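**Q** This is the content of target-v4.txt (compact mmCIF, C-alpha atoms):
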# COMPACT_ATOMS: atom_id res chain seq x y z
CA MET A 772 -7.66 32.20 44.20
CA ALA A 773 -6.61 30.28 47.27
CA GLN A 774 -4.05 27.84 48.59
CA HIS A 775 -4.03 25.72 51.73
CA ASP A 776 -1.79 23.31 53.58
CA TYR A 777 -4.65 20.76 53.58
CA ASN A 778 -4.30 20.17 57.29
CA ILE A 779 -7.34 20.83 59.52
CA ALA A 780 -5.85 21.39 62.95
CA ASN A 781 -7.63 20.99 66.29
CA GLN A 782 -9.46 24.26 66.84
CA THR A 783 -12.76 25.78 67.75
CA ALA A 784 -15.78 24.88 65.67
CA SER A 785 -16.00 28.28 64.01
CA ASP A 786 -12.31 28.27 63.15
CA ALA A 787 -12.55 24.71 61.85
CA ARG A 788 -15.47 25.76 59.65
CA THR A 789 -13.37 28.61 58.24
CA ASP A 790 -10.41 26.28 57.72
CA ILE A 791 -12.58 23.74 55.87
CA ASN A 792 -14.04 26.47 53.66
CA ASN A 793 -10.49 27.60 52.85
CA VAL A 794 -9.55 24.05 51.88
CA LEU A 795 -12.57 23.78 49.60
CA GLU A 796 -11.76 27.12 48.03
CA ALA A 797 -8.19 25.96 47.35
CA ILE A 798 -9.56 22.81 45.68
CA ALA A 799 -12.14 24.78 43.70
CA THR A 800 -9.55 27.24 42.38
CA ASN A 801 -6.90 24.60 41.54
CA ASN A 802 -4.57 25.99 44.22
CA SER A 803 -4.23 29.12 42.12
CA GLY A 804 -1.80 31.84 43.05
CA THR A 805 1.28 33.78 42.02
CA GLY A 806 3.61 31.16 43.46
CA VAL A 807 3.87 27.43 44.08
CA PRO A 808 1.76 26.21 47.05
CA THR A 809 3.72 25.75 50.26
CA ALA A 810 2.26 22.29 50.80
CA THR A 811 2.61 20.08 47.73
CA PHE A 812 1.29 16.61 46.97
CA PRO A 813 1.67 14.10 44.12
CA ASN A 814 -0.60 14.98 41.14
CA GLN A 815 -1.73 18.24 42.74
CA TRP A 816 -3.21 20.87 40.41
CA PHE A 817 -1.79 24.40 40.49
CA TYR A 818 -2.85 27.37 38.40
CA ASP A 819 -0.10 29.98 38.12
CA THR A 820 -1.91 33.31 37.85
CA ASP A 821 1.26 35.14 36.80
CA ASP A 822 2.08 32.91 33.81
CA GLN A 823 -1.54 31.81 33.16
CA LEU A 824 -0.33 28.20 33.15
CA LEU A 825 -2.24 25.21 34.46
CA LYS A 826 0.20 22.78 36.06
CA ILE A 827 0.16 19.41 37.78
CA ARG A 828 2.61 18.00 40.31
CA ASN A 829 4.53 14.91 39.22
CA ASN A 830 4.24 11.57 41.01
CA THR A 831 7.38 12.12 43.06
CA THR A 832 6.22 15.63 44.03
CA THR A 833 9.55 17.12 42.95
CA THR A 834 8.27 19.57 40.34
CA TYR A 835 5.23 20.91 38.54
CA LEU A 836 4.58 19.95 34.92
CA ASN A 837 2.96 22.39 32.50
CA VAL A 838 -0.41 21.16 31.20
CA GLY A 839 -1.74 24.08 29.21
CA TYR A 840 -2.06 27.83 28.84
CA ILE A 841 -5.28 29.48 29.99
CA ASP A 842 -6.06 32.54 27.92
CA GLN A 843 -8.48 34.60 29.95
CA THR A 844 -10.38 35.48 26.77
CA ASN A 845 -10.06 32.41 24.55
CA GLY A 846 -9.77 29.72 27.21
CA PHE A 847 -7.56 26.62 27.21
CA GLU A 848 -4.68 26.61 24.70
CA VAL A 849 -2.28 23.75 23.95
CA LEU A 850 1.36 24.50 24.63
CA ASP A 851 3.97 24.43 21.89
CA ASP A 852 5.84 21.12 21.60
CA THR A 853 3.08 19.14 23.31
CA HIS A 854 3.66 15.45 22.61
CA VAL A 855 0.94 13.37 20.96
CA VAL A 856 1.12 9.86 22.44
CA ASN A 857 -0.76 6.60 22.27
CA THR A 858 -2.34 4.89 25.28
CA SER A 859 1.05 3.40 26.16
CA GLY A 860 2.67 6.80 26.33
CA THR A 861 4.71 6.31 23.16
CA GLN A 862 5.06 9.53 21.21
CA THR A 863 3.41 9.49 17.79
CA GLY A 864 3.45 13.19 16.99
CA LEU A 865 4.08 16.72 18.13
CA LEU A 866 1.70 19.64 18.51
CA GLY A 867 4.18 22.34 17.78
CA ASP A 868 6.70 23.76 15.39
CA GLN A 869 9.91 22.22 14.09
CA LEU A 870 13.04 23.79 12.65
CA GLU A 871 12.77 24.77 9.00
CA ALA A 872 15.82 22.62 8.28
CA THR A 873 13.81 19.59 9.37
CA TRP A 874 11.26 20.30 6.68
CA THR A 875 13.62 21.39 3.91
CA THR A 876 15.91 18.37 4.29
CA GLY A 877 12.99 15.98 4.74
CA THR A 878 14.79 14.12 7.53
CA GLY A 879 12.21 14.41 10.28
CA THR A 880 9.73 11.59 10.89
CA THR A 881 7.79 13.14 13.77
CA GLU A 882 4.32 14.29 12.75
CA SER A 883 3.75 17.91 13.71
CA LEU A 884 2.32 21.26 12.69
CA VAL A 885 3.89 23.12 9.80
CA SER A 886 3.36 26.71 8.70
CA PRO A 887 2.57 27.54 5.06
CA ALA A 888 5.91 29.37 4.86
CA LYS A 889 7.87 26.29 5.94
CA LEU A 890 5.85 24.04 3.66
CA LYS A 891 6.71 26.37 0.78
CA ALA A 892 10.40 26.35 1.78
CA ALA A 893 10.40 22.55 1.95
CA ALA A 894 8.83 22.23 -1.50
CA GLU A 895 11.31 24.69 -2.96
CA ALA A 896 14.19 22.79 -1.37
CA VAL A 897 13.04 19.58 -3.06
CA VAL A 898 12.79 21.33 -6.42
CA GLN A 899 16.16 23.00 -5.98
CA GLY A 900 17.75 19.71 -5.00
CA GLN A 901 16.12 17.37 -7.52
CA GLY A 902 14.49 19.42 -10.28
CA LEU A 903 15.84 18.84 -13.78
CA GLY A 904 17.33 22.04 -15.14
CA VAL A 905 17.46 23.78 -11.75
CA ASN A 906 20.99 25.03 -11.09
CA GLN A 907 22.22 22.98 -14.05
CA THR A 908 23.94 24.09 -17.25
CA TRP A 909 24.52 22.58 -20.67
CA GLN A 910 28.04 21.23 -20.95
CA ASN A 911 29.91 20.08 -24.04
CA LEU A 912 31.40 16.72 -23.05
CA THR A 913 32.36 15.59 -26.52
CA SER A 914 36.05 15.41 -25.64
CA SER A 915 35.42 13.18 -22.60
CA ARG A 916 32.77 10.85 -24.03
CA ALA A 917 33.01 8.00 -26.50
CA GLN A 918 30.70 5.58 -28.24
CA ASN A 919 30.14 2.11 -26.76
CA THR A 920 31.46 3.26 -23.38
CA THR A 921 29.44 3.06 -20.16
CA TYR A 922 29.07 6.13 -17.94
CA GLN A 923 27.17 6.74 -14.70
CA ASN A 924 25.20 9.74 -13.51
CA THR A 925 26.59 10.50 -10.04
CA THR A 926 25.50 14.13 -9.82
CA GLY A 927 22.83 13.42 -7.19
CA LYS A 928 19.97 14.51 -9.46
CA PRO A 929 18.62 13.74 -12.95
CA ILE A 930 20.55 14.99 -15.98
CA PHE A 931 19.59 15.34 -19.63
CA ILE A 932 21.86 14.18 -22.45
CA ALA A 933 21.74 14.89 -26.16
CA LEU A 934 23.97 13.21 -28.78
CA SER A 935 24.31 13.72 -32.49
CA ALA A 936 26.56 12.06 -35.06
CA THR A 937 26.97 11.38 -38.73
CA ILE A 938 25.79 7.82 -39.27
CA SER A 939 26.81 6.03 -42.45
CA GLY A 940 25.57 2.95 -44.21
CA ASP A 941 23.47 0.63 -42.09
CA ALA A 942 24.79 1.97 -38.80
CA THR A 943 22.48 2.66 -35.86
CA MET A 944 23.01 4.58 -32.63
CA SER A 945 21.03 3.54 -29.57
CA LEU A 946 20.95 5.26 -26.21
CA LEU A 947 20.87 2.62 -23.45
CA VAL A 948 20.25 3.07 -19.71
CA SER A 949 20.67 0.48 -16.97
CA PRO A 950 20.83 0.19 -13.16
CA ASN A 951 23.85 -2.09 -13.62
CA SER A 952 27.38 -1.10 -14.57
CA ASP A 953 27.61 -4.06 -16.98
CA MET A 954 24.44 -2.83 -18.70
CA SER A 955 22.92 -6.28 -18.22
CA SER A 956 19.47 -4.82 -17.55
CA SER A 957 19.69 -2.08 -20.14
CA VAL A 958 16.72 -0.47 -21.83
CA THR A 959 16.86 1.37 -25.15
CA VAL A 960 15.36 4.81 -24.56
CA ASP A 961 16.17 6.31 -27.96
CA ARG A 962 17.47 5.03 -31.31
CA THR A 963 18.34 6.48 -34.68
CA SER A 964 19.85 5.51 -38.02
CA ASP A 965 20.60 7.48 -41.15
CA ILE A 966 22.89 7.60 -44.14
CA ASP A 967 25.67 10.22 -44.25
CA ASP A 968 23.58 12.74 -42.35
CA PRO A 969 23.70 14.00 -38.74
CA SER A 970 21.19 12.30 -36.50
CA GLY A 971 20.75 12.24 -32.74
CA VAL A 972 19.38 10.63 -29.61
CA GLN A 973 18.49 12.16 -26.26
CA SER A 974 17.00 11.25 -22.86
CA ILE A 975 16.73 12.06 -19.16
CA ILE A 976 19.20 10.01 -17.08
CA PRO A 977 18.11 9.46 -13.45
CA ASN A 978 20.67 9.72 -10.68
CA ASN A 979 22.95 6.68 -10.25
CA THR A 980 21.83 5.29 -13.60
CA TYR A 981 24.36 3.96 -16.12
CA TYR A 982 24.13 5.03 -19.77
CA LYS A 983 25.85 4.30 -23.06
CA ALA A 984 25.67 5.32 -26.69
CA SER A 985 25.68 1.94 -28.39
CA VAL A 986 26.78 2.14 -32.02
CA SER A 987 26.64 -0.81 -34.42
CA THR A 988 29.47 0.38 -36.68
CA SER A 989 31.76 3.35 -36.81
CA ILE A 990 30.24 6.83 -36.82
CA SER A 991 31.78 10.25 -37.24
CA SER A 992 31.32 13.80 -35.98
CA LEU A 993 30.00 12.68 -32.61
CA TYR A 994 28.75 15.60 -30.50
CA TRP A 995 27.82 14.95 -26.86
CA ALA A 996 26.14 17.49 -24.56
CA GLU A 997 24.76 17.06 -21.07
CA LEU A 998 22.54 19.27 -18.95
CA ARG A 999 24.04 18.71 -15.48
Starting from the file, lay out its structure as structure tokens.

**A**
Amino acid sequence: MAQHDYNIANQTASDARTDINNVLEAIATNNSGTGVPTATFPNQWFYDTDDQLLKIRNNTTTTYLNVGYIDQTNGFEVLDDTHVVNTSGTQTGLLGDQLEATWTTGTGTTESLVSPAKLKAAAEAVVQGQGLGVNQTWQNLTSSRAQNTTYQNTTGKPIFIALSATISGDATMSLLVSPNSDMSSSVTVDRTSDIDDPSGVQSIIPNNTYYKASVSTSISSLYWAELR
């Protein structure tokens, strides 16, 4: 461990030899020591023996930048939150941890390391937020639903609906879904017909999707339940 001011002053030959050897030792040991070298230069290496950090001086010689941690047993170790960049210096990733909220909300776009625990939490957050049947209950909506009327799922997650009714004569009941409020692009996902006997239709309704129980003629005893 050695540091030097990198100035070989006029002196006797033997002293100059000692001074030069001290300079070489400072170079060889990366200016290592317990404190910052007195004489600093742009892009100068410095190994902090107290913190075990390898550092380099910035171009304007105003501060030292951490390069890596030197474990005296395991060797060089990358510091947390080390940026991964391309040859232009643009960050493309991160060698380090990120807040669990970043993973559970799925809002982060920076590539980085993730622990198994946070991966598990993120997966559970997706299931809790979008999984059909998770934190949902069956609700009787018969009193607020009617045939041939368009409704929209605005719950933020998929729901499941089940309808039953007494269908007479040649009547049919079709369950239609559509991305449009006017049902112009509707698809029939279930259909039933019967004579004087309860019959039903059911389907999963994705979020923001419009749905309608389309009935050809009058039906009776309509029962409408939704898992939401």

**Q** What is the distance between CA of Ala780 (chain A) and CA of Leu825 (chain A), in Å to one decimal?

**A**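 Going from CA of Ala780 (chain A) over to CA of Leu825 (chain A), I get 29.0 Å.
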
**Q** Using all atoms listed in the file, which residues sit within 9 Å of Asp776 (chain A) once same-chain residues fewer than 6 positions away are excluded, as a PyMOL selection string?

**A** chain A and resi 794+808-811

**Q** Write the residues you've just listed into a file as a PDB file, in the coordinates of the input, and include C-alpha atoms for each of them.

**A**
ATOM      1  CA  VAL A 794      -9.550  24.050  51.880  1.00  0.00           C
ATOM      2  CA  PRO A 808       1.760  26.210  47.050  1.00  0.00           C
ATOM      3  CA  THR A 809       3.720  25.750  50.260  1.00  0.00           C
ATOM      4  CA  ALA A 810       2.260  22.290  50.800  1.00  0.00           C
ATOM      5  CA  THR A 811       2.610  20.080  47.730  1.00  0.00           C
TER       6      THR A 811
END

**Q** Do you know which residues are at most 10 Å from Ala984 (chain A) counting only C-alpha atoms, after dropping those on the same chain fewer than 5 positions away, and could you put them as a list in words?

**A**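 Here the qualifying residues turn out to be Arg916, Ala917, Gln918, Asn919, Thr920, Thr921, Tyr922, Leu934, Met944, Ser945, Leu946, Leu947, Val948, Thr959, Asp961, Arg962, Val972, Gln973 and Trp995 of chain A.
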
**Q** Pick out the closest residue to Gln901 (chain A) from this set: A:Ser914, A:Asn978, A:Thr833, A:Ser939. Count only C-alpha atoms.

**A**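 With only C-alpha atoms as the atom set, the closest residue is A:Asn978.
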
**Q** So, with all atoms listed in the file as the atoms that count, which of A:Ser955, A:Ser935, A:Ser803, A:Gln823 lies closest to Ser992 (chain A)?

**A**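 Among A:Ser955, A:Ser935, A:Ser803, A:Gln823, it is A:Ser935 that comes nearest to Ser992 (chain A).
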
**Q** So that all listed atoms of region 895-907 of chain A fit with 8 Å spare on each side, what axis-aligned box centre and edge lengths in Å, to one decimal, would you give as lines of an AutoDock Vina configuration file?

**A**
center_x = 16.8
center_y = 21.2
center_z = -8.3
size_x = 26.9
size_y = 23.7
size_z = 29.8

**Q** Between CA of Thr832 (chain A) and CA of Asn814 (chain A), what is the distance in Å, rounded to a tenth?

**A**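 CA of Thr832 (chain A) sits 7.4 Å away from CA of Asn814 (chain A).
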
**Q** When you draw a straight line from CA of Asp941 (chain A) to CA of Leu993 (chain A), how long is it in Å?

**A** 16.7 Å

**Q** I want to know what sits within 10 Å of region 844-849 of chain A, based on all atoms listed in the file, with residues of the same chain fewer than 4 positions away left out; could you give that as a PDB file with C-alpha atoms, keeping the file's coordinate frame?

**A**
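Produced file result33.pdb, reproduced below:
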ATOM      1  CA  GLN A 823      -1.540  31.810  33.160  1.00  0.00           C
ATOM      2  CA  LEU A 824      -0.330  28.200  33.150  1.00  0.00           C
ATOM      3  CA  LEU A 825      -2.240  25.210  34.460  1.00  0.00           C
ATOM      4  CA  VAL A 838      -0.410  21.160  31.200  1.00  0.00           C
ATOM      5  CA  GLY A 839      -1.740  24.080  29.210  1.00  0.00           C
ATOM      6  CA  TYR A 840      -2.060  27.830  28.840  1.00  0.00           C
ATOM      7  CA  THR A 853       3.080  19.140  23.310  1.00  0.00           C
ATOM      8  CA  LEU A 866       1.700  19.640  18.510  1.00  0.00           C
ATOM      9  CA  GLY A 867       4.180  22.340  17.780  1.00  0.00           C
TER      10      GLY A 867
END

**Q** Around (6.9, 17.7, 40.1), as given in the file, which residues come within 12 Å? Count all atoms listed in the file and list them as a list in words.

**A**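 Those residues, ordered by chain and then number, are Val807, Thr811, Phe812, Pro813, Asn814, Gln815, Trp816, Phe817, Lys826, Ile827, Arg828, Asn829, Asn830, Thr831, Thr832, Thr833, Thr834, Tyr835, Leu836 and Asn837 of chain A.
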
**Q** Excluding Thr880 (chain A) and any residue of its chain fewer than 5 positions from it, enumerate the residues within 12 Å of it, using all atoms listed in the file, and give them as a list in words.

**A**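 Within the cut-off, the hits are Gln862, Thr863, Gly864, Leu865, Gln869, Thr873 and Trp874 of chain A.
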
**Q** Using all atoms listed in the file, which of the listed residues (A:Thr861, A:Val856, A:Ala893, A:Gly804) sits closest to Thr876 (chain A)?

**A** A:Ala893

**Q** With only C-alpha atoms as the basis for distance, which of A:Ser915, A:Asn801, A:Asn906, A:Thr789 is at the shortest distance from Ala996 (chain A)?

**A**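 Counting only C-alpha atoms, the residue closest to Ala996 (chain A) is A:Ser915.
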
**Q** With all atoms listed in the file as the basis for distance, which of A:Leu884, A:Met772, A:Ala894, A:Val960 is at the shortest distance from Tyr982 (chain A)?

**A** A:Val960

**Q** Using all atoms listed in the file, which of the listed residues (A:Ile938, A:Met954, A:Val855, A:Ala892) sits closest to Ser991 (chain A)?

**A** A:Ile938

**Q** Report as a CSV table (one decimal) with C-alpha atoms, keeping the file's coordinate frame all protein, DNA and RNA residues lying within 10 Å of Asp868 (chain A), evaluated on all atoms listed in the file, omitting residues in the same chain fewer than 5 positions from it.

**A**
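Contents of out.csv, freshly written:
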chain,number,residue,atom,x,y,z
A,851,ASP,CA,4.0,24.4,21.9
A,852,ASP,CA,5.8,21.1,21.6
A,853,THR,CA,3.1,19.1,23.3
A,883,SER,CA,3.8,17.9,13.7
A,884,LEU,CA,2.3,21.3,12.7
A,885,VAL,CA,3.9,23.1,9.8
A,886,SER,CA,3.4,26.7,8.7
A,889,LYS,CA,7.9,26.3,5.9
